[in-house]
Amino acid sequence: MHPGITPSWWPPAPGWWLLAAIILIGVAVLVGWLLRKRRRQAALLRLFDEAVDRAETPSQQVAAMSELLRRAARRRDPAADRLEGEEWLCFLDDGLPGQPFSSGAGALLRDGGFRADVAEGDVAALRILARRRYLLWMQRR
């Protein structure tokens, strides 16, 4: 009895070609999704930064951030843009560690848009916090 001929390793069987095609398509879809997500995030951050940079004074920058946050909040709750004072700041704090809006840098949103003497350092700290919250809410579907 003679041993059988071993099949060659090349070319692979059709099933292996199909598996390779499925893997390549999966990787392409994943990379496309990640690139789209990154482009969307960059566009949202650019929108936020341009709107705040257009404001001439620190108090106008605070008002611009407040307006952007209210627009983003409507994605989470349609009535959120009508909240005021502490209720608005607590809404902004929801889901964040600590209370960065109620008792931290975000408290400037309470009246900073109406004050004439807003410190630029306070606006810069608020900008970091507001930008992060804006991006988080705008990325949700």
# chains A, B, ... in the order shown; residues from 1 in each chain; ligands from 1

call {"tool": "residues_around", "arguments": {"residues": "stretch 112-115 of chain A", "least_positions_apart": "4", "cutoff": "7 Å", "atoms": "only C-alpha atoms", "output": "ChimeraX atom specification"}}
result
/A:59-60,62-63,108

call {"tool": "residues_around", "arguments": {"residues": "A:Leu129", "least_positions_apart": "2", "cutoff": "10 Å", "atoms": "only C-alpha atoms", "output": "PDB file with N, CA, C and O atoms, in the first residue's frame"}}
result
ATOM      1  N   PRO A 100     -17.747  69.292  39.377  1.00  0.00           N
ATOM      2  CA  PRO A 100     -16.910  70.325  38.755  1.00  0.00           C
ATOM      3  C   PRO A 100     -17.683  71.553  38.282  1.00  0.00           C
ATOM      4  O   PRO A 100     -17.116  72.631  38.174  1.00  0.00           O
ATOM      5  N   PHE A 101     -18.969  71.420  38.021  1.00  0.00           N
ATOM      6  CA  PHE A 101     -19.748  72.576  37.578  1.00  0.00           C
ATOM      7  C   PHE A 101     -20.410  73.279  38.762  1.00  0.00           C
ATOM      8  O   PHE A 101     -20.469  74.497  38.796  1.00  0.00           O
ATOM      9  N   GLY A 104     -16.905  73.682  41.269  1.00  0.00           N
ATOM     10  CA  GLY A 104     -15.561  73.819  40.697  1.00  0.00           C
ATOM     11  C   GLY A 104     -15.492  74.953  39.700  1.00  0.00           C
ATOM     12  O   GLY A 104     -16.210  75.957  39.806  1.00  0.00           O
ATOM     13  N   ALA A 105     -14.652  74.783  38.704  1.00  0.00           N
ATOM     14  CA  ALA A 105     -14.440  75.821  37.681  1.00  0.00           C
ATOM     15  C   ALA A 105     -15.708  76.109  36.884  1.00  0.00           C
ATOM     16  O   ALA A 105     -15.911  77.216  36.398  1.00  0.00           O
ATOM     17  N   GLY A 106     -16.592  75.116  36.792  1.00  0.00           N
ATOM     18  CA  GLY A 106     -17.825  75.284  36.025  1.00  0.00           C
ATOM     19  C   GLY A 106     -18.832  76.208  36.660  1.00  0.00           C
ATOM     20  O   GLY A 106     -19.777  76.655  36.000  1.00  0.00           O
ATOM     21  N   VAL A 123     -11.640  81.524  32.996  1.00  0.00           N
ATOM     22  CA  VAL A 123     -12.239  81.161  31.704  1.00  0.00           C
ATOM     23  C   VAL A 123     -11.495  79.984  31.083  1.00  0.00           C
ATOM     24  O   VAL A 123     -12.110  79.072  30.524  1.00  0.00           O
ATOM     25  N   ALA A 124     -10.179  79.972  31.209  1.00  0.00           N
ATOM     26  CA  ALA A 124      -9.385  78.871  30.652  1.00  0.00           C
ATOM     27  C   ALA A 124      -9.712  77.553  31.355  1.00  0.00           C
ATOM     28  O   ALA A 124      -9.837  76.511  30.705  1.00  0.00           O
ATOM     29  N   ALA A 125      -9.877  77.597  32.691  1.00  0.00           N
ATOM     30  CA  ALA A 125     -10.238  76.377  33.428  1.00  0.00           C
ATOM     31  C   ALA A 125     -11.634  75.916  33.044  1.00  0.00           C
ATOM     32  O   ALA A 125     -11.883  74.710  32.874  1.00  0.00           O
ATOM     33  N   LEU A 126     -12.560  76.855  32.885  1.00  0.00           N
ATOM     34  CA  LEU A 126     -13.919  76.508  32.467  1.00  0.00           C
ATOM     35  C   LEU A 126     -13.908  75.923  31.060  1.00  0.00           C
ATOM     36  O   LEU A 126     -14.640  74.973  30.776  1.00  0.00           O
ATOM     37  N   ARG A 127     -13.085  76.472  30.198  1.00  0.00           N
ATOM     38  CA  ARG A 127     -13.040  76.006  28.810  1.00  0.00           C
ATOM     39  C   ARG A 127     -12.663  74.528  28.725  1.00  0.00           C
ATOM     40  O   ARG A 127     -13.252  73.774  27.952  1.00  0.00           O
ATOM     41  N   ARG A 131     -15.446  72.055  27.368  1.00  0.00           N
ATOM     42  CA  ARG A 131     -15.093  71.387  26.109  1.00  0.00           C
ATOM     43  C   ARG A 131     -15.253  69.872  26.237  1.00  0.00           C
ATOM     44  O   ARG A 131     -15.770  69.208  25.348  1.00  0.00           O
ATOM     45  N   ARG A 132     -14.799  69.352  27.359  1.00  0.00           N
ATOM     46  CA  ARG A 132     -14.902  67.915  27.600  1.00  0.00           C
ATOM     47  C   ARG A 132     -16.375  67.483  27.684  1.00  0.00           C
ATOM     48  O   ARG A 132     -16.777  66.475  27.095  1.00  0.00           O
ATOM     49  N   ARG A 133     -17.198  68.269  28.411  1.00  0.00           N
ATOM     50  CA  ARG A 133     -18.621  67.935  28.552  1.00  0.00           C
ATOM     51  C   ARG A 133     -19.334  68.059  27.214  1.00  0.00           C
ATOM     52  O   ARG A 133     -20.150  67.223  26.852  1.00  0.00           O
ATOM     53  N   TYR A 134     -19.014  69.094  26.467  1.00  0.00           N
ATOM     54  CA  TYR A 134     -19.622  69.307  25.153  1.00  0.00           C
ATOM     55  C   TYR A 134     -19.339  68.126  24.232  1.00  0.00           C
ATOM     56  O   TYR A 134     -20.242  67.588  23.585  1.00  0.00           O
TER      57      TYR A 134
END

call {"tool": "atom_distance", "arguments": {"atom1": "atom CA of A:Val118", "atom2": "atom CA of A:Val52"}}
result
14.7 Å

call {"tool": "residues_around", "arguments": {"residues": "stretch 31-44 of chain A", "least_positions_apart": "2", "cutoff": "12 Å", "atoms": "only C-alpha atoms", "output": "list in words"}}
result
Leu24, Ile25, Gly26, Val27, Ala28, Val29, Arg46, Leu47, Phe48, Asp49, Glu50, Ala51, Leu68, Ala72, Arg131, Arg132, Arg133, Tyr134, Leu135, Leu136, Trp137, Met138, Gln139 and Arg140 of chain A

call {"tool": "select_by_dssp", "arguments": {"residues": "stretch 47-138 of chain A", "states": "helix (DSSP H, G or I)", "output": "VMD selection string"}}
result
chain A and resid 47 to 54 58 to 76 80 to 82 85 to 93 105 to 110 120 to 138

call {"tool": "atom_distance", "arguments": {"atom1": "atom CA of A:Gln61", "atom2": "atom CA of A:Arg110"}}
result
13.4 Å

call {"tool": "residues_around", "arguments": {"residues": "A:Glu87", "least_positions_apart": "3", "cutoff": "12 Å", "atoms": "only C-alpha atoms", "output": "list in words"}}
result
Ala80, Asp81, Arg82, Leu83, Glu84, Cys90, Phe91, Leu92, Asp93, Asp94, Phe101, Ser102, Ala107, Leu109 and Arg110 of chain A

call {"tool": "atom_distance", "arguments": {"atom1": "atom CA of A:Pro11", "atom2": "atom CA of A:Leu30"}}
result
28.0 Å

call {"tool": "closest_residue", "arguments": {"among": "A:Thr57, A:Ala130, A:Ala20, A:Arg71", "to": "A:Leu89", "atoms": "only C-alpha atoms"}}
result
A:Ala130
